[in-house]
file input-v8.txt (compact mmCIF, C-alpha atoms)
# COMPACT_ATOMS: atom_id res chain seq x y z
CA MET M 1 44.58 24.70 16.48
CA ASN M 2 43.18 23.33 19.73
CA HIS M 3 39.51 23.33 18.77
CA ILE M 4 37.94 20.44 16.82
CA ASN M 5 36.11 22.88 14.54
CA GLY M 6 39.52 23.99 13.28
CA LEU M 7 39.86 20.68 11.42
CA PRO M 8 39.10 20.59 7.70
CA ARG M 9 35.41 20.03 6.85
CA GLU M 10 36.19 16.70 5.16
CA MET M 11 37.80 15.42 8.35
CA LEU M 12 34.89 16.59 10.50
CA LEU M 13 32.49 14.89 8.10
CA HIS M 14 34.50 11.68 8.37
CA ILE M 15 34.29 11.89 12.16
CA LEU M 16 30.50 12.26 11.91
CA GLU M 17 30.39 9.23 9.59
CA LEU M 18 31.90 7.13 12.39
CA LEU M 19 29.09 7.95 14.81
CA GLY M 20 26.13 5.70 15.43
CA PRO M 21 22.59 7.00 14.85
CA LYS M 22 21.95 8.17 18.41
CA ASP M 23 25.30 9.97 18.69
CA LEU M 24 24.91 11.53 15.24
CA LYS M 25 21.50 12.95 16.18
CA THR M 26 23.10 14.51 19.26
CA ALA M 27 26.22 15.76 17.45
CA VAL M 28 24.28 17.74 14.82
CA GLN M 29 22.76 19.76 17.66
CA VAL M 30 26.14 20.88 19.04
CA CYS M 31 26.72 23.91 16.81
CA GLN M 32 25.84 25.48 13.46
CA LEU M 33 28.87 23.96 11.69
CA TRP M 34 28.05 20.43 12.81
CA ARG M 35 24.39 20.93 11.87
CA GLU M 36 25.45 21.99 8.36
CA LEU M 37 27.82 19.02 8.06
CA GLY M 38 25.07 16.78 9.41
CA GLU M 39 22.88 17.55 6.39
CA ASP M 40 25.12 15.36 4.22
CA PRO M 41 22.89 12.52 2.91
CA ARG M 42 25.70 9.96 3.30
CA LEU M 43 25.30 10.21 7.08
CA TRP M 44 21.63 9.23 7.05
CA THR M 45 21.43 6.17 4.79
CA TRP M 46 20.51 4.06 7.84
CA ALA M 47 17.36 6.12 8.51
CA VAL M 48 13.96 4.53 7.85
CA VAL M 49 11.16 6.87 6.85
CA ARG M 50 7.57 5.99 7.72
CA ILE M 51 4.98 7.26 5.28
CA GLY M 52 1.34 7.28 6.29
CA PRO M 53 -0.74 10.31 5.40
CA MET M 54 0.26 12.07 2.17
CA LYS M 55 1.76 14.94 4.14
CA ASP M 56 4.45 12.45 5.19
CA LEU M 57 5.80 12.49 1.63
CA GLN M 58 7.45 15.80 2.53
CA LYS M 59 9.84 13.82 4.74
CA VAL M 60 11.67 12.36 1.75
CA ASN M 61 12.32 15.86 0.38
CA ILE M 62 14.58 16.65 3.33
CA GLU M 63 18.09 17.06 1.93
CA ARG M 64 19.78 14.70 4.38
CA LEU M 65 17.41 11.88 3.34
CA ARG M 66 18.32 12.01 -0.37
CA MET M 67 20.22 8.70 -0.06
CA LEU M 68 17.53 6.93 1.92
CA GLN M 69 17.55 3.13 1.57
CA GLU M 70 14.37 2.04 3.35
CA ILE M 71 10.79 3.27 3.47
CA LYS M 72 7.93 1.88 5.55
CA VAL M 73 4.49 2.58 4.16
CA GLU M 74 1.41 2.58 6.35
CA CYS M 75 -1.28 2.08 3.72
CA ILE M 76 -4.11 2.44 6.20
CA TRP M 77 -3.57 6.20 5.89
CA LEU M 78 -3.08 6.27 2.11
CA LYS M 79 -6.02 6.65 -0.21
CA GLU M 80 -5.83 4.37 -3.25
CA SER M 81 -5.67 7.35 -5.58
CA LYS M 82 -2.54 8.67 -3.81
CA VAL M 83 -0.40 5.55 -4.17
CA ASN M 84 0.73 6.62 -7.67
CA GLU M 85 2.00 9.89 -6.13
CA LEU M 86 3.88 7.86 -3.52
CA PHE M 87 5.64 5.90 -6.28
CA LYS M 88 6.54 9.13 -8.10
CA VAL M 89 8.25 10.39 -4.95
CA ILE M 90 10.06 7.08 -4.33
CA PHE M 91 11.19 7.01 -7.97
CA LYS M 92 13.18 10.21 -7.33
CA ILE M 93 15.25 8.44 -4.66
CA PRO M 94 17.32 5.85 -6.56
CA THR M 95 19.00 4.54 -3.38
CA VAL M 96 15.79 3.01 -1.94
CA LYS M 97 16.39 -0.74 -1.68
CA LYS M 98 13.55 -1.76 0.63
CA ILE M 99 9.91 -0.78 0.86
CA SER M 100 7.74 -2.50 3.42
CA GLY M 101 4.02 -2.25 3.96
CA LEU M 102 2.93 -2.17 0.34
CA ASP M 103 1.62 -5.73 0.53
CA ALA M 104 -1.46 -4.34 2.29
CA CYS M 105 -1.89 -1.47 -0.14
CA GLN M 106 -4.78 -1.97 -2.56
CA GLY M 107 -3.87 1.21 -4.41
CA VAL M 108 -0.80 -0.47 -5.91
CA SER M 109 -3.04 -1.74 -8.71
CA CYS M 110 -3.71 1.91 -9.67
CA VAL M 111 -0.02 2.74 -10.15
CA ASP M 112 1.19 3.28 -13.69
CA PRO M 113 2.85 -0.04 -14.66
CA GLN M 114 6.05 1.60 -16.01
CA LEU M 115 6.47 3.67 -12.84
CA LEU M 116 5.75 0.71 -10.58
CA VAL M 117 8.26 -1.51 -12.35
CA SER M 118 10.90 1.24 -12.37
CA VAL M 119 10.65 1.48 -8.59
CA ILE M 120 10.26 -2.14 -7.53
CA ASN M 121 12.90 -3.51 -9.89
CA ARG M 122 15.48 -1.47 -7.90
CA LEU M 123 14.57 -3.22 -4.64
CA GLU M 124 16.80 -5.99 -3.26
CA LYS M 125 13.95 -8.03 -1.80
CA LEU M 126 10.62 -8.18 -3.51
CA SER M 127 7.43 -9.57 -2.08
CA LEU M 128 4.96 -9.81 -4.93
CA TRP M 129 1.86 -8.12 -3.75
CA ARG M 130 -1.57 -9.61 -4.25
CA PHE M 131 -2.83 -6.28 -5.55
CA LEU M 132 -0.63 -6.19 -8.66
CA THR M 133 -2.53 -6.37 -11.93
CA SER M 134 -1.73 -8.90 -14.63
CA GLU M 135 -0.28 -6.10 -16.77
CA GLN M 136 2.00 -4.96 -13.93
CA MET M 137 3.20 -8.53 -13.27
CA GLU M 138 3.90 -9.23 -16.93
CA LEU M 139 5.87 -6.00 -17.35
CA LEU M 140 7.78 -6.58 -14.10
CA PHE M 141 8.98 -10.04 -15.11
CA SER M 142 9.86 -8.86 -18.63
CA VAL M 143 12.03 -6.10 -17.18
CA MET M 144 13.53 -8.43 -14.55
CA ALA M 145 14.49 -10.83 -17.34
CA GLU M 146 16.73 -8.12 -18.80
CA ASN M 147 18.20 -6.63 -15.62
CA THR M 148 17.26 -6.47 -11.96
CA ASN M 149 18.54 -5.56 -8.51
CA VAL M 150 16.14 -8.04 -6.90
CA LYS M 151 18.08 -10.63 -4.91
CA ALA M 152 15.14 -12.36 -3.20
CA LEU M 153 11.62 -12.91 -4.51
CA GLU M 154 8.67 -13.89 -2.36
CA VAL M 155 5.40 -14.80 -4.07
CA SER M 156 2.48 -15.00 -1.67
CA ASP M 157 -0.34 -15.02 -4.20
CA THR M 158 0.10 -16.98 -7.40
CA HIS M 159 -3.17 -15.75 -8.92
CA HIS M 160 -1.52 -13.57 -11.58
CA MET M 161 1.51 -15.78 -12.11
CA SER M 162 -0.28 -17.67 -14.87
CA VAL M 163 0.04 -14.63 -17.17
CA ILE M 164 3.84 -14.81 -17.03
CA ILE M 165 5.35 -16.72 -19.92
CA PRO M 166 7.50 -19.52 -18.38
CA VAL M 167 10.59 -18.54 -20.39
CA VAL M 168 10.30 -14.92 -19.17
CA PHE M 169 9.80 -16.09 -15.58
CA ALA M 170 12.87 -18.34 -15.81
CA ALA M 171 14.97 -15.56 -17.31
CA ALA M 172 13.80 -13.12 -14.62
CA ILE M 173 14.66 -15.34 -11.68
CA SER M 174 17.98 -16.45 -13.17
CA ASN M 175 19.28 -12.88 -12.73
CA ASN M 176 20.63 -13.45 -9.17
CA VAL M 177 17.18 -13.95 -7.68
CA GLU M 178 16.64 -16.31 -4.77
CA VAL M 179 13.04 -17.60 -4.79

call {"tool": "encode", "arguments": {"input": "input-v8.txt", "output": "structure tokens"}}
result
Amino acid sequence: MNHINGLPREMLLHILELLGPKDLKTAVQVCQLWRELGEDPRLWTWAVVRIGPMKDLQKVNIERLRMLQEIKVECIWLKESKVNELFKVIFKIPTVKKISGLDACQGVSCVDPQLLVSVINRLEKLSLWRFLTSEQMELLFSVMAENTNVKALEVSDTHHMSVIIPVVFAAAISNNVEV
């Protein structure tokens, strides 16, 4: 057994896990076996997907991106009516911990409150967007009071904060949240 491809698949996968992004991209082009192994989502958690036009949503359906942790949204390309679809797609990827660019996305106010809260309560850092409705804010803080993954909370617009009951706000931020 002189050839590296003679190693067990698990060992080859472990070798690929040790590679940095640039080397991994090169390695998966070496041969069919390495390309197949390179489809494992665990290898691509570092990748950041940019979503602009709605056709970009197809990117997150690529098998190797099923454990994606970060998404960058370019709202300039997204119509307000399509933001709910964006959240439906993100909801299907439970490993997403960071979404940037939504603070400039007016369509966030059109997203179903339950769906919105289900997605953003999984994030580790949350910047409260000025486009959230009072209903979305109230539901978000109620859910955060019970359980949240949010570790840091940034509030740039306090306009809707007055709808949050102080006890609910206190309970929400006491769940490991740094304000």

call {"tool": "closest_residue", "arguments": {"input": "input-v8.txt", "among": "M:Asn61, M:Ser81, M:Ser174, M:Asn5", "to": "M:Leu33", "atoms": "all atoms listed in the file"}}
result
M:Asn5

call {"tool": "closest_atom_pairs", "arguments": {"input": "input-v8.txt", "of": "stretch 4-73 of chain M", "to": "stretch 88-97 of chain M", "cutoff": "12 Å", "atoms": "all atoms listed in the file", "output": "Markdown table"}}
result
| residue | atom | partner | partner_atom | distance |
| --- | --- | --- | --- | --- |
| M:Pro41 | CA | M:Thr95 | CA | 10.9 |
| M:Arg42 | CA | M:Thr95 | CA | 10.9 |
| M:Trp44 | CA | M:Thr95 | CA | 11.7 |
| M:Thr45 | CA | M:Thr95 | CA | 8.7 |
| M:Trp46 | CA | M:Val96 | CA | 10.9 |
| M:Ala47 | CA | M:Val96 | CA | 11.0 |
| M:Val48 | CA | M:Val96 | CA | 10.1 |
| M:Val49 | CA | M:Val96 | CA | 10.7 |
| M:Ile51 | CA | M:Ile90 | CA | 10.9 |
| M:Met54 | CA | M:Val89 | CA | 10.8 |
| M:Asp56 | CA | M:Val89 | CA | 11.0 |
| M:Leu57 | CA | M:Val89 | CA | 7.3 |
| M:Gln58 | CA | M:Val89 | CA | 9.3 |
| M:Lys59 | CA | M:Val89 | CA | 10.4 |
| M:Val60 | CA | M:Val89 | CA | 7.8 |
| M:Asn61 | CA | M:Val89 | CA | 8.7 |
| M:Ile62 | CA | M:Ile93 | CA | 11.5 |
| M:Glu63 | CA | M:Ile93 | CA | 11.2 |
| M:Arg64 | CA | M:Ile93 | CA | 11.9 |
| M:Leu65 | CA | M:Ile93 | CA | 9.0 |
| M:Arg66 | CA | M:Ile93 | CA | 6.4 |
| M:Met67 | CA | M:Thr95 | CA | 5.5 |
| M:Leu68 | CA | M:Val96 | CA | 5.8 |
| M:Gln69 | CA | M:Val96 | CA | 3.9 |
| M:Glu70 | CA | M:Val96 | CA | 5.6 |
| M:Ile71 | CA | M:Val96 | CA | 7.4 |
| M:Lys72 | CA | M:Val96 | CA | 10.9 |
| M:Val73 | CA | M:Ile90 | CA | 11.1 |

call {"tool": "atom_distance", "arguments": {"input": "input-v8.txt", "atom1": "atom CA of M:Cys31", "atom2": "atom CA of M:Gly6"}}
result
13.3 Å

call {"tool": "atom_distance", "arguments": {"input": "input-v8.txt", "atom1": "atom CA of M:Phe87", "atom2": "atom CA of M:Glu36"}}
result
29.4 Å

call {"tool": "residues_around", "arguments": {"input": "input-v8.txt", "residues": "stretch 10-12 of chain M", "least_positions_apart": "5", "cutoff": "10 Å", "atoms": "only C-alpha atoms", "output": "MDAnalysis selection string"}}
result
chainID M and resid 4:5 17 33:34 37:38

call {"tool": "closest_residue", "arguments": {"input": "input-v8.txt", "among": "M:Glu135, M:Ser142, M:Ala152, M:Ala104", "to": "M:Leu123", "atoms": "all atoms listed in the file"}}
result
M:Ala152

call {"tool": "closest_residue", "arguments": {"input": "input-v8.txt", "among": "M:Gly101, M:Pro53, M:Pro8, M:Gly20", "to": "M:Glu85", "atoms": "only C-alpha atoms"}}
result
M:Pro53

call {"tool": "residues_around", "arguments": {"input": "input-v8.txt", "residues": "stretch 112-121 of chain M", "least_positions_apart": "2", "cutoff": "7 Å", "atoms": "all atoms listed in the file", "output": "PyMOL selection string"}}
result
chain M and resi 84+87+91+110+123+136+140+144+148-150

call {"tool": "residues_near_point", "arguments": {"input": "input-v8.txt", "point": "(0.7, 4.9, 1.7)", "cutoff": "9 Å", "atoms": "all atoms listed in the file", "output": "PyMOL selection string"}}
result
chain M and resi 51-54+72-80+82-83+86+101-102+105+107

call {"tool": "closest_residue", "arguments": {"input": "input-v8.txt", "among": "M:Gln32, M:Gln106, M:Ser100, M:Ser127", "to": "M:Val155", "atoms": "all atoms listed in the file"}}
result
M:Ser127

call {"tool": "atom_distance", "arguments": {"input": "input-v8.txt", "atom1": "atom CA of M:Ser109", "atom2": "atom CA of M:Glu146"}}
result
23.1 Å

call {"tool": "closest_residue", "arguments": {"input": "input-v8.txt", "among": "M:Glu154, M:Asp103, M:Glu138, M:Glu39", "to": "M:Ala27", "atoms": "only C-alpha atoms"}}
result
M:Glu39
